[in-house]
Amino acid sequence: MRWMRAAGRGLLVLAVVLTGYVASGARADDGSGSGRGPITLATAGDLTGYLGPLLQGWNRTHPGEKVTLVELPDSADETHAQMTTDLRGGDRSRFDVLNIDVAWTSEFAAAGWIRPLPRDRFPLKSFLPPVVGTATYDGQLYAVPYVTNAGLLLYRKDILAKEGVAPPRTWAELERDAKSIAPKYGLGGYAGQFLPYEGLTVNAAEAVYSAGGSILGDEGERVTVDSAAAREGIGFLARGVREGWIPKAALTYKEEESKQAFQDGRLLFLRNWPYAYVAASAKGSRVAGEVGAVPLPGPHGPGTSVLGGSNLAVNTHARHPDSAERLIAYLTGERVQRQVLTRGALPPVRAALYDDPELIRRFPYLPTLRASVLAAAPRPKSPRYDQVSLAVQAVVHDALTGHETPESAVRRLARELAAVSGH
């Protein structure tokens, strides 16, 4: 997904703190025994350029622990591949702090790549409650939430106002308006991110969750996807493509392509992260001033979004682990978290910022986003998350393209996930 920029940018702002080589993999320090020293922060897709100034603030006040910024590839898949290659046996001490996508915490913790963190060192009680769960594995804190995210339904408020209808709260209302209103204005009805990549995993999980289902349980040890709810959720999306109120072009959309389609005035409704609201509302957008946002709809009322975002973790082989934890505390402090929103347009994890009147004036979607985050659920937790996601993408895409019925797709997905988990 551009999902990792998208929750950072909505999703990833991927941070990695690099240090020198420690051949033994043992914890080294600056000679004082404190575990402190220079660190390097690598980030993927810092599209707004906000992170550099934040790190300058750290460097001014921590001259012995200066951070050097390094950018990893934009693509979430490429970033994951680069990080895991090193962590599996390349230069394992190269990464001190990893700002990993929220879906990777279980994988990295189970593999022994990141170390447990002391809960009392970080302001976890100040965060939106659901985000803390994305940073834990097997009851232990392995990371600290840095950026959160939840999907929103963007809509053309000018068109709905002309038609005298409220934004949809249910799938039936969304389907009705996408079928009947969008064609009158020469628009596609509804789109999400339906290319077979991480974004499709997110969209599929949201459909299943909204219908009351789940995909995995017990940290990935139990497959739960073979259910009426999963068939209903996948069936809703497949029906949209089959009947045309989800345009076939949406099968090629990632975050950016879908955002551009909405921003160019080609869609009535769009599921995307809040960064798309900001872009579509900005000067130069064809729909500026005409964009509304509500929680994702579900079968009988508001649905369930997948939690996006990224978490900061410390490499097991970190050279300067104390500096790594201190940097994490800095980046998750309220002052810096405010700048994450105002400079980077990324949803912060600090709960108080969502009630700040000044920020709400600048970012009017914040109350809606807060409600969506509080009702959101994480992607399936699994030590083999990358394999889980690939299975979801492949099977759901076959259902959307009509190569498989939703019923058979769900049964097939259950079999493939059982093979992945070894059960």
# chains A, B, ... in the order shown; residues from 1 in each chain; ligands from 1
call {"tool": "closest_atom_pairs", "arguments": {"of": "region 104-171 of chain A", "to": "region 297-311 of chain A", "cutoff": "8 Å", "atoms": "only C-alpha atoms", "output": "Markdown table"}}
result
| residue | atom | partner | partner_atom | distance |
| --- | --- | --- | --- | --- |
| A:Thr105 | CA | A:Asn311 | CA | 7.8 |
| A:Val131 | CA | A:Leu307 | CA | 7.6 |
| A:Thr134 | CA | A:Asn311 | CA | 7.9 |
| A:Ala135 | CA | A:Asn311 | CA | 6.5 |
| A:Ala143 | CA | A:Asn311 | CA | 5.7 |
| A:Val144 | CA | A:Asn311 | CA | 5.3 |
| A:Pro145 | CA | A:Asn311 | CA | 4.3 |
| A:Tyr146 | CA | A:Asn311 | CA | 5.2 |
| A:Val147 | CA | A:Gly309 | CA | 4.8 |
| A:Thr148 | CA | A:Gly309 | CA | 4.0 |
| A:Asn149 | CA | A:Gly308 | CA | 4.4 |
| A:Ala150 | CA | A:Leu307 | CA | 5.2 |
| A:Gly151 | CA | A:Ser305 | CA | 5.5 |
| A:Leu152 | CA | A:Ser305 | CA | 7.8 |
| A:Leu153 | CA | A:Pro297 | CA | 7.7 |
| A:Pro168 | CA | A:Pro297 | CA | 6.7 |
| A:Arg169 | CA | A:Pro297 | CA | 4.8 |
| A:Thr170 | CA | A:Pro297 | CA | 4.6 |
| A:Trp171 | CA | A:Pro299 | CA | 5.1 |
call {"tool": "residues_around", "arguments": {"residues": "Ala313 (chain A)", "least_positions_apart": "3", "cutoff": "7 Å", "atoms": "only C-alpha atoms", "output": "list in words"}}
result
Val97, Leu98, Asn99, Ile114, Tyr142, Ala143 and Val144 of chain A
call {"tool": "write_last_selection", "arguments": {"atoms": "C-alpha atoms", "output": "CSV table (one decimal), in the first residue's frame"}}
result
chain,number,residue,atom,x,y,z
A,97,VAL,CA,15.6,1.4,15.7
A,98,LEU,CA,13.0,0.0,13.3
A,99,ASN,CA,9.9,1.9,12.6
A,114,ILE,CA,13.4,-6.8,18.1
A,142,TYR,CA,8.0,-4.9,21.6
A,143,ALA,CA,7.5,-1.5,20.0
A,144,VAL,CA,6.0,1.9,20.7
call {"tool": "closest_atom_pairs", "arguments": {"of": "region 376-407 of chain A", "to": "region 228-243 of chain A", "cutoff": "12 Å", "atoms": "only C-alpha atoms", "output": "JSON lines"}}
result
{"residue": "A:Val392", "atom": "CA", "partner": "A:Ile234", "partner_atom": "CA", "distance": 10.9}
{"residue": "A:Gln393", "atom": "CA", "partner": "A:Ile234", "partner_atom": "CA", "distance": 11.7}
{"residue": "A:Val395", "atom": "CA", "partner": "A:Ile234", "partner_atom": "CA", "distance": 10.2}
{"residue": "A:Val396", "atom": "CA", "partner": "A:Ile234", "partner_atom": "CA", "distance": 7.2}
{"residue": "A:His397", "atom": "CA", "partner": "A:Ala238", "partner_atom": "CA", "distance": 9.0}
{"residue": "A:Asp398", "atom": "CA", "partner": "A:Ala238", "partner_atom": "CA", "distance": 9.3}
{"residue": "A:Ala399", "atom": "CA", "partner": "A:Ala238", "partner_atom": "CA", "distance": 6.1}
{"residue": "A:Leu400", "atom": "CA", "partner": "A:Ala238", "partner_atom": "CA", "distance": 4.5}
{"residue": "A:Thr401", "atom": "CA", "partner": "A:Ala238", "partner_atom": "CA", "distance": 7.5}
{"residue": "A:Gly402", "atom": "CA", "partner": "A:Ala238", "partner_atom": "CA", "distance": 7.4}
{"residue": "A:His403", "atom": "CA", "partner": "A:Ala238", "partner_atom": "CA", "distance": 10.4}
{"residue": "A:Glu404", "atom": "CA", "partner": "A:Ala238", "partner_atom": "CA", "distance": 9.7}
{"residue": "A:Thr405", "atom": "CA", "partner": "A:Gly235", "partner_atom": "CA", "distance": 8.1}
{"residue": "A:Pro406", "atom": "CA", "partner": "A:Gly235", "partner_atom": "CA", "distance": 5.3}
{"residue": "A:Glu407", "atom": "CA", "partner": "A:Arg231", "partner_atom": "CA", "distance": 5.7}
call {"tool": "select_by_dssp", "arguments": {"residues": "region 91-198 of chain A", "states": "strand (DSSP E)", "output": "count of residues only"}}
result
27
call {"tool": "residues_around", "arguments": {"residues": "Val223 (chain A)", "least_positions_apart": "3", "cutoff": "7 Å", "atoms": "only C-alpha atoms", "output": "list in words"}}
result
Ile215, Leu216, Gly217, Ala414, Leu417 and Ala418 of chain A
call {"tool": "residues_around", "arguments": {"residues": "region 257-263 of chain A", "least_positions_apart": "4", "cutoff": "12 Å", "atoms": "only C-alpha atoms", "output": "mmCIF file with C-alpha atoms, in the first residue's frame"}}
result
data_model
loop_
_atom_site.group_PDB
_atom_site.id
_atom_site.type_symbol
_atom_site.label_atom_id
_atom_site.label_comp_id
_atom_site.auth_asym_id
_atom_site.auth_seq_id
_atom_site.Cartn_x
_atom_site.Cartn_y
_atom_site.Cartn_z
ATOM 1 C CA MET A 1 0.000 0.000 0.000
ATOM 2 C CA ARG A 2 1.412 3.151 -0.331
ATOM 3 C CA TRP A 3 -0.414 1.954 2.813
ATOM 4 C CA ALA A 6 -0.499 6.218 3.963
ATOM 5 C CA ARG A 9 0.798 9.462 4.762
ATOM 6 C CA GLY A 10 -1.256 7.635 6.008
ATOM 7 C CA LEU A 153 -15.116 7.025 3.468
ATOM 8 C CA LEU A 154 -14.544 10.177 1.425
ATOM 9 C CA TYR A 155 -17.523 11.502 -0.484
ATOM 10 C CA ARG A 156 -18.586 14.395 -2.703
ATOM 11 C CA LEU A 187 -18.852 9.354 -11.933
ATOM 12 C CA GLY A 188 -17.686 5.953 -10.782
ATOM 13 C CA GLY A 189 -19.579 4.859 -7.696
ATOM 14 C CA TYR A 190 -17.117 3.524 -5.157
ATOM 15 C CA ALA A 191 -13.461 2.514 -5.038
ATOM 16 C CA GLY A 192 -10.887 1.322 -2.593
ATOM 17 C CA GLN A 193 -7.445 -0.212 -3.087
ATOM 18 C CA PHE A 194 -8.102 -3.441 -4.973
ATOM 19 C CA LEU A 195 -4.813 -4.185 -6.728
ATOM 20 C CA GLY A 199 -3.863 -2.487 0.310
ATOM 21 C CA ILE A 246 -17.191 -0.433 -8.283
ATOM 22 C CA PRO A 247 -15.430 0.468 -11.549
ATOM 23 C CA ALA A 249 -10.343 0.392 -12.959
ATOM 24 C CA ALA A 250 -10.390 0.086 -9.160
ATOM 25 C CA LEU A 251 -8.857 -3.382 -9.551
ATOM 26 C CA THR A 252 -5.637 -1.534 -10.498
ATOM 27 C CA TYR A 253 -5.771 1.031 -7.692
ATOM 28 C CA LEU A 267 -15.530 9.062 -8.082
ATOM 29 C CA LEU A 268 -18.484 9.687 -5.802
ATOM 30 C CA PHE A 269 -17.111 7.613 -2.905
ATOM 31 C CA LEU A 270 -13.609 6.485 -1.942
ATOM 32 C CA ARG A 271 -12.177 4.410 0.889
ATOM 33 C CA ASN A 272 -8.741 5.768 1.735
ATOM 34 C CA TRP A 273 -6.563 7.074 4.565
ATOM 35 C CA PRO A 274 -6.863 10.661 5.874
ATOM 36 C CA TYR A 275 -3.939 11.876 3.751
ATOM 37 C CA ALA A 276 -6.261 11.525 0.735
ATOM 38 C CA TYR A 277 -8.742 13.902 2.392
ATOM 39 C CA VAL A 278 -5.970 16.456 2.869
ATOM 40 C CA ALA A 279 -4.807 16.138 -0.746
ATOM 41 C CA ALA A 280 -8.313 16.247 -2.217
ATOM 42 C CA SER A 281 -9.154 19.326 -0.147
ATOM 43 C CA ALA A 282 -5.982 21.220 -1.054
ATOM 44 C CA LYS A 283 -5.673 24.074 -3.520
ATOM 45 C CA GLY A 284 -5.424 22.734 -7.058
ATOM 46 C CA SER A 285 -7.682 19.747 -6.446
ATOM 47 C CA ARG A 286 -10.742 19.675 -8.690
ATOM 48 C CA VAL A 287 -12.901 18.793 -5.710
ATOM 49 C CA ALA A 288 -11.401 21.196 -3.163
ATOM 50 C CA GLY A 289 -14.081 22.406 -0.782
ATOM 51 C CA GLU A 290 -16.447 19.605 -1.774
ATOM 52 C CA VAL A 291 -14.988 16.705 0.188
ATOM 53 C CA GLY A 292 -16.602 15.105 3.211
#
call {"tool": "atom_distance", "arguments": {"atom1": "CA of Phe363 (chain A)", "atom2": "CA of Phe127 (chain A)"}}
result
18.9 Å
call {"tool": "atom_distance", "arguments": {"atom1": "CA of Leu312 (chain A)", "atom2": "CA of Leu359 (chain A)"}}
result
24.4 Å
call {"tool": "select_by_dssp", "arguments": {"residues": "region 138-364 of chain A", "states": "alpha helix (DSSP H)", "output": "ChimeraX atom specification"}}
result
/A:157-163,171-180,198-210,228-243,255-263,274-281,321-331,334-344,357-362
call {"tool": "closest_residue", "arguments": {"among": "A:Leu41, A:Ala419, A:Val294, A:Ile159", "to": "Glu65 (chain A)", "atoms": "only C-alpha atoms"}}
result
A:Leu41
call {"tool": "closest_residue", "arguments": {"among": "A:Val165, A:Tyr330, A:Pro123, A:Asp96", "to": "Thr61 (chain A)", "atoms": "only C-alpha atoms"}}
result
A:Tyr330
call {"tool": "closest_residue", "arguments": {"among": "A:Leu413, A:Leu128, A:Ile100, A:Leu296", "to": "Leu390 (chain A)", "atoms": "only C-alpha atoms"}}
result
A:Leu413
call {"tool": "residues_around", "arguments": {"residues": "Pro118 (chain A)", "least_positions_apart": "3", "cutoff": "8 Å", "atoms": "only C-alpha atoms", "output": "PyMOL selection string"}}
result
chain A and resi 121-122+141
call {"tool": "closest_residue", "arguments": {"among": "A:Ala293, A:Leu160, A:Ala207, A:Ala394", "to": "Ala371 (chain A)", "atoms": "only C-alpha atoms"}}
result
A:Ala293
call {"tool": "residues_around", "arguments": {"residues": "Ser214 (chain A)", "least_positions_apart": "6", "cutoff": "7 Å", "atoms": "only C-alpha atoms", "output": "ChimeraX atom specification"}}
result
/A:208,224-225
call {"tool": "write_last_selection", "arguments": {"atoms": "all heavy atoms", "output": "PDB file, in the first residue's frame"}}
result
ATOM      1  N   VAL A 208     -14.497  -7.954   5.973  1.00  0.00           N
ATOM      2  CA  VAL A 208     -14.769  -9.102   6.840  1.00  0.00           C
ATOM      3  C   VAL A 208     -15.068  -8.638   8.266  1.00  0.00           C
ATOM      4  O   VAL A 208     -16.044  -9.078   8.900  1.00  0.00           O
ATOM      5  CB  VAL A 208     -13.591 -10.088   6.820  1.00  0.00           C
ATOM      6  CG1 VAL A 208     -13.777 -11.190   7.868  1.00  0.00           C
ATOM      7  CG2 VAL A 208     -13.432 -10.699   5.435  1.00  0.00           C
ATOM      8  N   THR A 224      -9.827 -18.453  11.319  1.00  0.00           N
ATOM      9  CA  THR A 224     -11.233 -18.184  11.638  1.00  0.00           C
ATOM     10  C   THR A 224     -11.999 -17.616  10.453  1.00  0.00           C
ATOM     11  O   THR A 224     -13.150 -17.200  10.608  1.00  0.00           O
ATOM     12  CB  THR A 224     -11.325 -17.196  12.810  1.00  0.00           C
ATOM     13  OG1 THR A 224     -10.632 -15.976  12.459  1.00  0.00           O
ATOM     14  CG2 THR A 224     -10.700 -17.774  14.073  1.00  0.00           C
ATOM     15  N   VAL A 225     -11.393 -17.581   9.277  1.00  0.00           N
ATOM     16  CA  VAL A 225     -11.981 -16.854   8.158  1.00  0.00           C
ATOM     17  C   VAL A 225     -13.161 -17.573   7.512  1.00  0.00           C
ATOM     18  O   VAL A 225     -13.987 -16.929   6.841  1.00  0.00           O
ATOM     19  CB  VAL A 225     -10.899 -16.552   7.097  1.00  0.00           C
ATOM     20  CG1 VAL A 225     -10.528 -17.802   6.310  1.00  0.00           C
ATOM     21  CG2 VAL A 225     -11.363 -15.455   6.152  1.00  0.00           C
TER      22      VAL A 225
END
call {"tool": "residues_around", "arguments": {"residues": "region 331-345 of chain A", "least_positions_apart": "3", "cutoff": "6 Å", "atoms": "only C-alpha atoms", "output": "list in words"}}
result
Thr48, Tyr50, Tyr146, Ile328 and Pro348 of chain A
call {"tool": "atom_distance", "arguments": {"atom1": "CA of Leu87 (chain A)", "atom2": "CA of Ile39 (chain A)"}}
result
17.2 Å
